[in-house]
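Colleague: Next up, start-v4.tsv (TSV, C-alpha atoms and all ligand atoms).
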chain	number	residue	atom	x	y	z
K	24	MET	CA	-114.86	26.00	-23.07
K	25	THR	CA	-115.82	28.44	-20.33
K	26	PHE	CA	-113.55	28.73	-17.34
K	27	ASP	CA	-115.46	27.53	-14.27
K	28	PRO	CA	-112.94	26.68	-11.52
K	29	LEU	CA	-115.51	26.40	-8.75
K	30	GLY	CA	-117.71	24.10	-10.79
K	31	ALA	CA	-114.69	21.96	-11.63
K	32	ILE	CA	-113.65	21.69	-7.97
K	33	GLN	CA	-117.21	20.93	-6.89
K	34	ASP	CA	-117.45	18.15	-9.47
K	35	MET	CA	-114.36	16.42	-8.12
K	36	HIS	CA	-115.55	13.41	-6.20
K	37	VAL	CA	-112.42	12.12	-4.52
K	38	PHE	CA	-113.24	9.40	-2.03
K	39	GLY	CA	-111.21	8.00	0.81
K	40	GLU	CA	-110.20	4.37	1.04
K	41	PHE	CA	-113.61	3.30	2.45
K	42	GLY	CA	-115.76	5.74	0.53
K	43	ASP	CA	-114.92	8.46	3.04
K	44	ILE	CA	-116.20	11.83	1.85
K	45	ASN	CA	-112.71	13.29	2.29
K	46	PRO	CA	-109.71	11.69	0.62
K	47	SER	CA	-107.72	9.41	2.90
K	48	ILE	CA	-104.56	10.86	4.35
K	49	SER	CA	-101.75	8.86	2.85
K	50	ASP	CA	-99.73	8.01	5.94
K	51	ALA	CA	-96.73	6.53	4.20
K	52	SER	CA	-93.43	7.63	2.76
K	53	THR	CA	-93.22	4.62	0.44
K	54	PHE	CA	-95.50	2.26	-1.53
K	55	THR	CA	-95.42	-1.47	-2.26
K	56	PHE	CA	-95.16	-3.07	-5.70
K	57	MET	CA	-96.37	-6.52	-6.70
K	58	THR	CA	-93.32	-7.17	-8.87
K	59	PRO	CA	-89.86	-5.67	-9.48
K	60	GLY	CA	-90.90	-5.20	-13.10
K	61	LYS	CA	-93.69	-2.81	-12.09
K	62	MET	CA	-91.24	-0.90	-9.92
K	63	ARG	CA	-88.81	-0.59	-12.84
K	64	GLU	CA	-91.63	0.65	-15.07
K	65	LEU	CA	-92.61	3.37	-12.61
K	66	PHE	CA	-89.06	4.59	-12.17
K	67	ASP	CA	-88.82	4.85	-15.97
K	68	HIS	CA	-91.98	6.90	-16.43
K	69	GLU	CA	-95.05	7.97	-14.47
K	70	VAL	CA	-98.01	5.58	-14.48
K	71	GLU	CA	-101.37	7.17	-13.69
K	72	GLY	CA	-102.65	6.14	-10.26
K	73	CYS	CA	-99.39	4.44	-9.17
K	74	TYR	CA	-97.14	5.84	-6.49
K	75	LEU	CA	-93.57	5.04	-5.58
K	76	TYR	CA	-92.34	7.41	-2.90
K	77	SER	CA	-93.88	10.46	-1.20
K	78	ARG	CA	-91.08	12.86	-2.19
K	79	HIS	CA	-92.20	12.13	-5.73
K	80	TRP	CA	-96.00	12.01	-5.33
K	81	ASN	CA	-98.63	10.54	-3.03
K	82	PRO	CA	-102.44	10.35	-3.36
K	83	THR	CA	-103.20	13.08	-0.81
K	84	GLN	CA	-100.85	15.54	-2.49
K	85	ARG	CA	-102.49	14.55	-5.76
K	86	ALA	CA	-106.00	15.34	-4.49
K	87	LEU	CA	-104.96	18.87	-3.42
K	88	ALA	CA	-102.83	19.43	-6.53
K	89	ASP	CA	-105.71	18.41	-8.83
K	90	ALA	CA	-108.07	20.84	-7.08
K	91	LEU	CA	-105.53	23.66	-7.41
K	92	ALA	CA	-104.95	22.87	-11.08
K	93	ALA	CA	-108.71	23.19	-11.50
K	94	LEU	CA	-108.67	26.49	-9.57
K	95	GLU	CA	-106.17	27.95	-12.03
K	96	GLY	CA	-107.37	26.05	-15.09
K	97	THR	CA	-103.99	24.44	-15.76
K	98	GLU	CA	-103.42	20.86	-16.90
K	99	SER	CA	-101.58	19.93	-13.74
K	100	ALA	CA	-100.06	21.13	-10.45
K	101	HIS	CA	-97.81	19.94	-7.63
K	102	VAL	CA	-97.91	20.96	-3.98
K	103	VAL	CA	-94.82	21.92	-2.01
K	104	GLY	CA	-93.74	22.86	1.49
K	105	SER	CA	-93.97	26.67	1.11
K	106	GLY	CA	-94.59	29.45	-1.36
K	107	MET	CA	-90.84	30.06	-1.50
K	108	ALA	CA	-90.28	26.39	-2.40
K	109	ALA	CA	-92.77	26.79	-5.26
K	110	ILE	CA	-90.91	29.83	-6.58
K	111	ALA	CA	-87.45	28.30	-6.13
K	112	VAL	CA	-88.17	24.97	-7.82
K	113	THR	CA	-89.95	26.68	-10.71
K	114	ILE	CA	-87.07	29.01	-11.47
K	115	LEU	CA	-84.42	26.31	-10.95
K	116	GLN	CA	-86.33	24.00	-13.29
K	117	MET	CA	-86.50	26.67	-15.98
K	118	CYS	CA	-83.07	28.25	-15.63
K	119	GLY	CA	-79.47	27.12	-15.43
K	120	GLN	CA	-76.00	28.63	-15.53
K	121	GLY	CA	-75.97	31.70	-17.79
K	122	ASP	CA	-79.75	32.08	-18.01
K	123	GLU	CA	-81.62	35.24	-17.11
K	124	VAL	CA	-84.88	36.26	-15.45
K	125	VAL	CA	-86.61	39.60	-15.86
K	126	ALA	CA	-88.60	40.21	-12.68
K	127	SER	CA	-90.93	42.86	-11.39
K	128	ARG	CA	-89.18	45.06	-8.84
K	129	THR	CA	-92.42	44.96	-6.81
K	130	VAL	CA	-92.35	41.43	-5.47
K	131	TYR	CA	-92.47	39.86	-2.01
K	132	GLY	CA	-89.19	40.56	-0.16
K	133	GLY	CA	-88.28	36.86	0.13
K	134	THR	CA	-88.66	36.49	-3.64
K	135	TYR	CA	-86.51	39.59	-4.13
K	136	ALA	CA	-83.79	38.16	-1.88
K	137	LEU	CA	-83.91	34.75	-3.63
K	138	PHE	CA	-83.53	36.45	-7.00
K	139	ALA	CA	-80.98	39.10	-6.02
K	140	ASN	CA	-78.79	37.20	-3.57
K	141	PHE	CA	-79.22	33.47	-4.07
K	142	LEU	CA	-79.80	32.70	-7.76
K	143	PRO	CA	-76.57	34.47	-8.84
K	144	ARG	CA	-74.69	31.73	-6.93
K	145	PHE	CA	-75.93	29.35	-9.63
K	146	GLY	CA	-75.05	31.70	-12.50
K	147	ILE	CA	-78.66	32.90	-12.93
K	148	THR	CA	-78.99	36.65	-13.38
K	149	VAL	CA	-82.17	38.51	-12.46
K	150	ARG	CA	-82.94	42.00	-13.75
K	151	PHE	CA	-85.57	43.92	-11.79
K	152	VAL	CA	-87.77	46.30	-13.73
K	153	ASP	CA	-91.07	48.13	-13.45
K	154	THR	CA	-93.20	45.50	-15.23
K	155	GLY	CA	-95.84	48.18	-15.78
K	156	ASP	CA	-93.40	49.65	-18.32
K	157	LEU	CA	-93.46	47.17	-21.21
K	158	VAL	CA	-90.70	49.03	-23.03
K	159	ALA	CA	-88.44	48.59	-19.99
K	160	VAL	CA	-89.37	44.89	-19.79
K	161	ALA	CA	-88.56	44.38	-23.47
K	162	ALA	CA	-85.28	46.26	-23.08
K	163	ALA	CA	-84.27	44.03	-20.15
K	164	CYS	CA	-84.81	40.83	-22.16
K	165	THR	CA	-81.88	39.17	-23.93
K	166	ASP	CA	-81.42	35.91	-25.82
K	167	ARG	CA	-80.75	34.25	-22.46
K	168	THR	CA	-84.01	35.38	-20.84
K	169	ARG	CA	-85.98	32.29	-19.90
K	170	VAL	CA	-88.56	33.79	-17.53
K	171	ILE	CA	-90.53	36.98	-17.01
K	172	TYR	CA	-91.74	36.97	-13.41
K	173	CYS	CA	-94.36	39.06	-11.65
K	174	GLU	CA	-97.11	38.97	-9.03
K	175	GLY	CA	-100.73	39.19	-10.21
K	176	LEU	CA	-101.52	41.70	-7.47
K	177	SER	CA	-98.21	42.88	-6.10
K	178	ASN	CA	-97.05	42.86	-2.51
K	179	PRO	CA	-97.55	45.37	-0.89
K	180	LEU	CA	-98.62	48.10	-3.35
K	181	LEU	CA	-101.36	46.09	-5.06
K	182	GLU	CA	-100.16	46.92	-8.54
K	183	VAL	CA	-102.06	44.88	-11.14
K	184	ALA	CA	-99.86	43.07	-13.64
K	185	ASP	CA	-100.88	43.39	-17.28
K	186	ILE	CA	-100.66	39.61	-17.64
K	187	PRO	CA	-101.80	39.33	-21.31
K	188	ALA	CA	-99.26	41.93	-22.42
K	189	LEU	CA	-96.44	40.38	-20.38
K	190	ALA	CA	-97.30	36.88	-21.64
K	191	ASN	CA	-97.28	38.13	-25.20
K	192	LEU	CA	-93.91	39.79	-24.71
K	193	ALA	CA	-92.43	36.71	-23.01
K	194	HIS	CA	-93.61	34.39	-25.77
K	195	ARG	CA	-92.29	36.66	-28.51
K	196	ARG	CA	-88.88	36.51	-26.81
K	197	GLY	CA	-88.99	32.73	-26.41
K	198	ALA	CA	-89.42	33.06	-22.64
K	199	ARG	CA	-92.21	32.01	-20.27
K	200	LEU	CA	-94.34	34.08	-17.94
K	201	VAL	CA	-94.49	33.00	-14.30
K	202	VAL	CA	-97.11	34.71	-12.12
K	203	ASP	CA	-97.31	34.56	-8.33
K	204	ASN	CA	-101.07	34.73	-7.68
K	205	THR	CA	-100.89	34.54	-3.87
K	206	PHE	CA	-102.81	37.81	-3.31
K	207	SER	CA	-105.54	37.04	-5.82
K	208	PRO	CA	-106.81	33.44	-5.87
K	209	LEU	CA	-110.14	33.34	-7.77
K	210	LEU	CA	-109.80	37.08	-8.46
K	211	LEU	CA	-107.29	36.72	-11.27
K	212	ALA	CA	-106.75	33.63	-13.40
K	213	PRO	CA	-103.25	34.20	-14.82
K	214	ALA	CA	-103.11	30.99	-16.86
K	215	GLN	CA	-106.33	32.00	-18.62
K	216	LEU	CA	-104.69	35.33	-19.44
K	217	GLY	CA	-101.60	33.74	-20.96
K	218	ALA	CA	-99.25	32.90	-18.07
K	219	ASP	CA	-97.31	29.64	-18.38
K	220	VAL	CA	-96.86	28.91	-14.69
K	221	VAL	CA	-98.96	30.10	-11.75
K	222	ILE	CA	-97.59	29.95	-8.22
K	223	HIS	CA	-99.29	30.40	-4.87
K	224	SER	CA	-98.15	30.59	-1.33
K	225	LEU	CA	-100.98	28.43	0.05
K	226	THR	CA	-99.99	29.79	3.45
K	227	LYS	CA	-102.20	32.81	2.74
K	228	PHE	CA	-105.77	33.01	1.39
K	229	ILE	CA	-106.05	29.50	-0.02
K	230	ASN	CA	-105.50	27.83	3.34
K	231	GLY	CA	-106.92	30.79	5.25
K	232	THR	CA	-106.26	29.60	8.79
K	233	SER	CA	-102.59	30.66	9.22
K	234	ASP	CA	-101.67	27.28	10.68
K	235	CYS	CA	-99.08	26.11	8.14
K	236	VAL	CA	-96.82	27.09	5.28
K	237	ALA	CA	-97.35	25.50	1.87
K	238	GLY	CA	-97.16	26.28	-1.84
K	239	VAL	CA	-98.25	25.12	-5.27
K	240	VAL	CA	-96.96	25.23	-8.83
K	241	CYS	CA	-99.75	25.10	-11.46
K	242	ALA	CA	-98.64	24.51	-15.05
K	243	SER	CA	-98.76	22.18	-18.04
K	244	ARG	CA	-98.64	18.43	-17.55
K	245	ALA	CA	-95.17	18.37	-19.12
K	246	PHE	CA	-93.78	21.03	-16.78
K	247	ILE	CA	-95.13	19.37	-13.63
K	248	ALA	CA	-93.87	15.96	-14.81
K	249	GLY	CA	-90.49	17.62	-15.34
K	250	LEU	CA	-90.49	18.97	-11.78
K	251	SER	CA	-90.96	15.46	-10.37
K	252	ASP	CA	-88.67	13.66	-12.82
K	253	VAL	CA	-86.48	11.25	-10.85
K	254	ASN	CA	-83.37	12.22	-12.81
K	255	SER	CA	-83.74	15.94	-13.37
K	256	GLY	CA	-86.73	17.38	-11.49
K	257	ALA	CA	-86.02	20.29	-9.13
K	258	LEU	CA	-88.88	19.21	-6.88
K	259	MET	CA	-87.89	15.54	-6.81
K	260	LEU	CA	-84.19	16.28	-6.31
K	261	LEU	CA	-84.38	19.21	-3.89
K	262	GLY	CA	-87.30	17.57	-2.12
K	263	PRO	CA	-89.59	20.27	-0.65
K	264	VAL	CA	-92.88	18.38	-1.11
K	265	LEU	CA	-95.91	18.94	1.09
K	266	ASP	CA	-96.77	16.58	3.94
K	267	SER	CA	-100.00	14.58	3.45
K	268	ALA	CA	-101.69	15.70	6.66
K	269	ARG	CA	-101.28	19.32	5.60
K	270	ALA	CA	-102.36	18.63	2.05
K	271	ALA	CA	-105.58	17.12	3.44
K	272	SER	CA	-106.33	20.04	5.76
K	273	ILE	CA	-105.64	22.66	3.06
K	274	LEU	CA	-107.96	20.83	0.65
K	275	LYS	CA	-110.80	21.07	3.16
K	276	ASN	CA	-110.20	24.81	3.62
K	277	LEU	CA	-110.05	25.34	-0.14
K	278	HIS	CA	-113.73	24.45	-0.47
K	279	ALA	CA	-114.82	27.66	1.27
K	280	LEU	CA	-112.35	29.91	-0.58
K	281	HIS	CA	-115.06	31.56	-2.72
K	282	LEU	CA	-117.05	32.62	0.35
K	283	ARG	CA	-113.96	33.87	2.13
K	284	MET	CA	-112.59	35.83	-0.84
K	285	ARG	CA	-115.92	37.58	-1.32
K	286	LYS	CA	-116.04	38.59	2.34
K	287	HIS	CA	-112.36	39.61	2.49
K	288	SER	CA	-112.94	41.77	-0.58
K	289	ASP	CA	-116.15	43.37	0.72
K	290	ASN	CA	-114.54	44.19	4.04
K	291	ALA	CA	-111.35	45.56	2.49
K	292	LEU	CA	-113.31	47.74	0.06
K	293	PHE	CA	-115.40	49.13	2.93
K	294	LEU	CA	-112.32	50.05	4.96
K	295	ALA	CA	-110.46	51.41	1.92
K	296	GLN	CA	-113.37	53.70	1.03
K	297	HIS	CA	-113.77	54.96	4.59
K	298	LEU	CA	-110.03	55.50	5.01
K	299	GLU	CA	-109.90	57.48	1.77
K	300	ASP	CA	-112.93	59.54	2.78
K	301	ARG	CA	-111.12	60.34	6.02
K	302	GLY	CA	-108.19	61.69	4.01
K	303	VAL	CA	-105.80	58.74	4.52
K	304	GLU	CA	-103.72	57.70	1.48
K	305	VAL	CA	-104.76	54.15	0.55
K	306	HIS	CA	-103.55	51.74	-2.10
K	307	TYR	CA	-106.40	49.41	-3.03
K	308	PRO	CA	-107.35	48.31	-6.56
K	309	GLY	CA	-111.04	48.70	-5.76
K	310	LEU	CA	-110.68	52.47	-5.45
K	311	ALA	CA	-111.05	54.61	-8.55
K	312	SER	CA	-107.94	56.48	-7.34
K	313	HIS	CA	-105.81	53.34	-7.77
K	314	PRO	CA	-103.76	53.64	-10.99
K	315	HIS	CA	-104.69	50.09	-12.05
K	316	HIS	CA	-108.38	50.17	-11.11
K	317	GLU	CA	-109.56	49.92	-14.73
K	318	ARG	CA	-106.96	47.29	-15.62
K	319	TYR	CA	-108.09	45.17	-12.70
K	320	LYS	CA	-111.70	45.38	-13.82
K	321	ARG	CA	-110.64	44.31	-17.32
K	322	LEU	CA	-108.60	41.33	-16.10
K	323	ALA	CA	-110.58	40.10	-13.09
K	324	SER	CA	-112.02	36.67	-13.73
K	325	GLY	CA	-115.07	36.53	-11.52
K	326	ASP	CA	-117.24	38.33	-9.06
K	327	PHE	CA	-114.99	38.17	-6.04
K	328	GLY	CA	-114.23	41.85	-5.63
K	329	PHE	CA	-110.84	43.52	-5.43
K	330	GLY	CA	-109.05	41.41	-2.84
K	331	GLY	CA	-108.51	41.39	0.88
K	332	VAL	CA	-105.35	43.48	1.18
K	333	LEU	CA	-104.95	47.25	1.33
K	334	THR	CA	-101.95	49.41	2.12
K	335	LEU	CA	-102.31	52.78	3.82
K	336	ARG	CA	-99.75	55.48	4.45
K	337	MET	CA	-99.50	57.52	7.62
K	338	PRO	CA	-97.71	60.90	7.67
K	339	THR	CA	-94.74	59.55	9.70
K	340	VAL	CA	-93.17	56.21	10.64
K	341	GLU	CA	-93.89	56.96	14.32
K	342	GLN	CA	-97.59	57.48	13.58
K	343	ALA	CA	-97.68	54.25	11.54
K	344	GLU	CA	-96.21	52.42	14.53
K	345	GLN	CA	-98.63	54.09	16.96
K	346	LEU	CA	-101.54	53.13	14.71
K	347	MET	CA	-100.53	49.45	14.63
K	348	VAL	CA	-100.14	49.32	18.42
K	349	ALA	CA	-103.54	51.00	18.86
K	350	MET	CA	-105.20	48.63	16.37
K	351	GLN	CA	-103.83	45.60	18.18
K	352	GLU	CA	-104.91	46.96	21.58
K	353	ASP	CA	-108.39	47.67	20.20
K	354	ARG	CA	-108.68	44.07	18.96
K	355	ILE	CA	-108.90	45.08	15.30
K	356	GLY	CA	-106.37	42.37	14.56
K	357	PHE	CA	-102.77	41.30	15.06
K	358	LEU	CA	-99.50	43.07	14.37
K	359	ALA	CA	-98.14	40.16	12.35
K	360	VAL	CA	-96.82	39.45	8.88
K	361	SER	CA	-98.69	37.22	6.41
K	362	LEU	CA	-102.20	37.54	5.04
K	363	GLY	CA	-105.40	35.74	4.22
K	364	TYR	CA	-106.22	34.90	7.83
K	365	PHE	CA	-109.78	35.18	9.15
K	366	LYS	CA	-108.57	37.92	11.48
K	367	THR	CA	-107.04	41.15	10.26
K	368	LEU	CA	-103.22	41.15	10.14
K	369	PHE	CA	-101.13	44.29	9.73
K	370	SER	CA	-97.44	45.04	9.38
K	371	PRO	CA	-95.09	47.76	8.09
K	372	PRO	CA	-93.87	46.25	4.77
K	373	SER	CA	-90.82	48.47	4.45
K	374	HIS	CA	-89.43	47.06	7.72
K	375	SER	CA	-90.75	43.51	7.39
K	376	THR	CA	-91.98	41.62	4.32
K	377	SER	CA	-90.23	44.00	1.90
K	378	SER	CA	-87.20	44.79	4.07
K	379	GLU	CA	-84.99	42.68	1.75
K	380	ILE	CA	-85.56	45.22	-1.06
K	381	PRO	CA	-82.83	47.92	-1.09
K	382	LYS	CA	-83.92	51.40	0.02
K	383	ASP	CA	-83.39	53.03	-3.40
K	384	THR	CA	-85.58	50.37	-5.07
K	385	GLN	CA	-88.23	50.82	-2.38
K	386	ASP	CA	-88.16	54.56	-3.12
K	387	ALA	CA	-88.41	53.97	-6.87
K	388	MET	CA	-91.42	51.69	-6.50
K	389	GLY	CA	-93.15	54.08	-4.10
K	390	LEU	CA	-92.83	51.99	-0.95
K	391	ASP	CA	-92.76	54.35	2.00
K	392	PRO	CA	-91.57	53.33	5.51
K	393	ALA	CA	-94.74	54.93	6.93
K	394	MET	CA	-96.94	52.43	5.09
K	395	VAL	CA	-99.02	49.81	6.84
K	396	ARG	CA	-100.25	46.73	4.96
K	397	MET	CA	-103.55	45.34	6.18
K	398	SER	CA	-104.91	41.93	5.31
K	399	VAL	CA	-108.53	42.53	6.21
K	400	GLY	CA	-110.26	39.70	8.07
K	401	LEU	CA	-113.67	38.12	7.80
K	402	ASP	CA	-115.28	40.42	10.41
K	403	HIS	CA	-119.03	39.92	10.36
K	404	GLU	CA	-119.75	43.58	11.04
K	405	ILE	CA	-117.13	45.67	9.29
K	406	GLY	CA	-118.88	48.92	10.33
K	407	ARG	CA	-117.94	48.10	13.93
K	408	THR	CA	-114.33	47.51	12.85
K	409	TRP	CA	-114.32	50.86	11.05
K	410	ARG	CA	-115.59	52.68	14.14
K	411	ARG	CA	-112.70	51.23	16.12
K	412	LEU	CA	-110.19	52.03	13.39
K	413	SER	CA	-111.53	55.55	13.18
K	414	THR	CA	-110.99	55.97	16.93
K	415	CYS	CA	-107.41	54.71	16.54
K	416	LEU	CA	-106.81	57.19	13.72
K	417	ASP	CA	-108.24	60.03	15.84
K	418	ALA	CA	-105.89	59.07	18.65
K	419	VAL	CA	-102.83	59.07	16.38
K	420	LEU	CA	-103.66	61.88	13.92
K	421	GLY	CA	-105.98	63.99	16.05
K	422	PRO	CA	-109.72	64.18	15.45
K	423	ARG	CA	-110.71	64.94	11.91
K	424	LYS	CA	-111.49	68.63	11.28
K	425	THR	CA	-114.94	69.09	9.83
K	426	ALA	CA	-115.64	72.03	7.54
N	1	LIG	N1	-95.35	35.13	-2.57
N	1	LIG	C1	-95.93	36.16	-1.95
N	1	LIG	C2	-96.65	37.19	-2.75
N	1	LIG	C3	-95.85	36.27	-0.55
N	1	LIG	O1	-96.44	37.31	0.06
N	1	LIG	C4	-95.15	35.28	0.17
N	1	LIG	C5	-95.03	35.35	1.64
N	1	LIG	O2	-95.40	36.32	2.27
N	1	LIG	C6	-94.56	34.23	-0.52
N	1	LIG	C7	-94.69	34.18	-1.89
N	1	LIG	C8	-93.79	33.16	0.19
N	1	LIG	O3	-94.67	32.24	0.73
N	1	LIG	P1	-94.32	31.26	1.95
N	1	LIG	O4	-94.19	32.11	3.17
N	1	LIG	O5	-95.45	30.31	1.98
N	1	LIG	O6	-93.02	30.61	1.61
Could the structure of this file be written out as structure tokens, please?
Modeller:
Amino acid sequence: MTFDPLGAIQDMHVFGEFGDINPSISDASTFTFMTPGKMRELFDHEVEGCYLYSRHWNPTQRALADALAALEGTESAHVVGSGMAAIAVTILQMCGQGDEVVASRTVYGGTYALFANFLPRFGITVRFVDTGDLVAVAAACTDRTRVIYCEGLSNPLLEVADIPALANLAHRRGARLVVDNTFSPLLLAPAQLGADVVIHSLTKFINGTSDCVAGVVCASRAFIAGLSDVNSGALMLLGPVLDSARAASILKNLHALHLRMRKHSDNALFLAQHLEDRGVEVHYPGLASHPHHERYKRLASGDFGFGGVLTLRMPTVEQAEQLMVAMQEDRIGFLAVSLGYFKTLFSPPSHSTSSEIPKDTQDAMGLDPAMVRMSVGLDHEIGRTWRRLSTCLDAVLGPRKTA
């Protein structure tokens, strides 16, 4: 069967209570039963189309979760209150006291902190490695390794995970591969490449309007049922489910994701090429100079380009800071963390979204304090944006010398 996530989402006809063309927003924490027997049955095992309590499931969450399962081509999914909640419940469902995780050292700073500082409190050990080095990954695995964890496109260096190779390695060791696909919805389809669980922070591209935090876990039917098991599910028992009103608004935004990703990618490629031509060091998988350019082309699932995020490096931290102030003043975008918004957002990862990663690890992975991560917006005329950016660069670096 060919993988056609957009076709699958388009074919979903989920009606509201009165035939509304959007699903109704389930405005209830709890649901009635006709008989105590039915209630007992539902507490014993899930019954399709029946709901008991909104920390477990409700119809609006279900509509968004089904669309996201289709997006990733997994059997099932569940939606949660943030990307971090998605990561935390997944790992806590898979690992217990004495278990181990082998994680990429190039992950979002919050993930790094969860793994390095928080999970050890529950007896879960995480080893950070360069997941581009399969020998190092294999060497870090032991009999207690339950999970290999990476980001499809890593934050903020845009490294491309070799998902088929990592999945193969994980499965040979009796472990499972979990991929955070937040930077690359529609661009990479980790589950189609062998990953067992795919996570997103919906806060970013999938929602696209930077008005809420949310997350999703996409996986097999058995894994998602396990997460919401009333006796042992990390999601059911820790409780970070997504509110219905937000689930409904994210679902509406999801329907334009393909158009947005294409435009984010086109705009980011344009800026990346012009920055590189101007002599600025840029990390962007769409550039032939990126070490994983060919790998990306091999693994990319559709025609949505190379993603909306690039990371550039200025000669000094002061110049990086001056550039961000100038870009904000020139209305290129906002000096703010996060990504996937319709406006450009930029931040210095070393001092913000990756600040939780120790300095020596930042050095080892090539993260420089003078780097600026840009989530490129949906600007209609990116040439105009480049002219402004070029002026900012001239102001900070001095006009470019021509031969
Ligand atoms: N994963 C990645 C790659 C991220 O960049 C982030 C946040 O920046 C998260 C997960 C966490 O998501 P949230 O802020 O929705 O909890």
Colleague: Closest to ligand LIG 1 (chain N) among K:Pro314, K:Gly104, K:Gly217, K:Pro187, using only C-alpha atoms and all ligand atoms?
Modeller: K:Gly104
Colleague: Please identify every polymer residue within 9 Å of ligand LIG 1 (chain N), using all atoms listed in the file, and present the set as a PyMOL selection string.
Modeller: chain K and resi 104-110+130-134+174-179+203-206+222-227+235-238+360-362+376
Colleague: Atom CA of K:Glu352 and atom CA of K:Thr414 are how many Å apart?
Modeller: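 Atom CA of K:Thr414 lies 11.8 Å from atom CA of K:Glu352.
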Colleague: Taking 6 positions as the minimum chain separation for residues in the same chain, which residues sit within 8 Å of K:Leu180 when counting only C-alpha atoms? Answer as a tab-separated table (two decimals) with C-alpha atoms, in the coordinates of the input.
Modeller:
chain	number	residue	atom	x	y	z
K	129	THR	CA	-92.42	44.96	-6.81
K	306	HIS	CA	-103.55	51.74	-2.10
K	307	TYR	CA	-106.40	49.41	-3.03
K	333	LEU	CA	-104.95	47.25	1.33
K	334	THR	CA	-101.95	49.41	2.12
K	390	LEU	CA	-92.83	51.99	-0.95
Colleague: Using only C-alpha atoms, which protein or nucleic acid residues come within 12 Å of stretch 25-34 of chain K? Drop anything in the same chain fewer than 4 positions from it, and give the result as a ChimeraX atom specification.
Modeller: /K:86-97,208-216,274-275,277-282,324-325
Colleague: Would you place a box with edges along x, y and z of the file around all atoms of stretch 95-106 of chain K listed there, add 6 Å to each of its six sides, and report the centre and edge lengths in Å to one decimal, as JSON?
Modeller:
{"center_x": -100.6, "center_y": 24.7, "center_z": -7.7, "size_x": 25.6, "size_y": 21.5, "size_z": 30.4}
Colleague: Calculate how many Å separate atom CA of K:Pro392 from atom CA of K:Met337, rounding to one decimal.
Modeller: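 Spanning atom CA of K:Pro392 to atom CA of K:Met337 is a straight-line distance of 9.2 Å.
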Colleague: Could you check which of K:Cys73, K:Ala295, K:Ile273, K:Val160 is closest to K:Pro46, using all atoms listed in the file?
Modeller: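 Among the listed residues, K:Ile273 lies closest to K:Pro46.
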Colleague: Counting only C-alpha atoms, which residues have an atom no more than 12 Å from (-83.8, 44.9, -0.9) in the file's coordinates? Please list them as an MDAnalysis selection string.
Modeller: chainID K and resid 128:140 151 372:388 390
Colleague: Select, counting only C-alpha atoms, all protein, DNA and RNA residues no farther than 12 Å from (-92.3, 36.9, -23.3) in file coordinates, and express the selection as a PyMOL selection string.
Modeller: chain K and resi 124-126+154+157+160-172+186-201+217-219
Colleague: In Å, rounded to a single decimal, give me how far atom CA of K:Val264 is from atom CA of K:Phe41.
Modeller: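 Straight-line distance from atom CA of K:Phe41 to atom CA of K:Val264 works out to 25.9 Å.
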Colleague: Looking at only C-alpha atoms, which of K:Cys118, K:Leu250, K:Ala268, K:Leu142 is the one that sits closest to K:Ala51?
Modeller: K:Ala268
Colleague: Considering only C-alpha atoms, state which residue in the set K:Asp300, K:Asp402, K:Asp266, K:Asp326 is at the smallest distance from K:Asn81.
Modeller: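 Looking at the shortest contact to K:Asn81, the residue is K:Asp266.
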Colleague: If you keep C-alpha atoms, can you output stretch 336-354 of chain K as a short mmCIF file (atom, residue, chain, number, x, y, z; two decimals), in the first residue's frame?
Modeller:
data_model
loop_
_atom_site.label_atom_id
_atom_site.label_comp_id
_atom_site.auth_asym_id
_atom_site.auth_seq_id
_atom_site.Cartn_x
_atom_site.Cartn_y
_atom_site.Cartn_z
CA ARG K 336 26.72 31.31 12.69
CA MET K 337 28.05 34.81 13.15
CA PRO K 338 31.74 35.45 13.89
CA THR K 339 31.08 36.49 17.52
CA VAL K 340 28.32 36.23 20.14
CA GLU K 341 28.04 40.04 20.17
CA GLN K 342 27.45 40.11 16.41
CA ALA K 343 24.85 37.34 16.72
CA GLU K 344 23.05 39.44 19.33
CA GLN K 345 23.31 42.60 17.22
CA LEU K 346 21.92 40.73 14.22
CA MET K 347 18.87 39.49 16.16
CA VAL K 348 18.12 42.98 17.49
CA ALA K 349 18.47 44.44 13.98
CA MET K 350 16.23 41.73 12.48
CA GLN K 351 13.52 42.41 15.04
CA GLU K 352 13.75 46.18 14.50
CA ASP K 353 13.53 45.66 10.73
CA ARG K 354 10.36 43.58 11.15
#
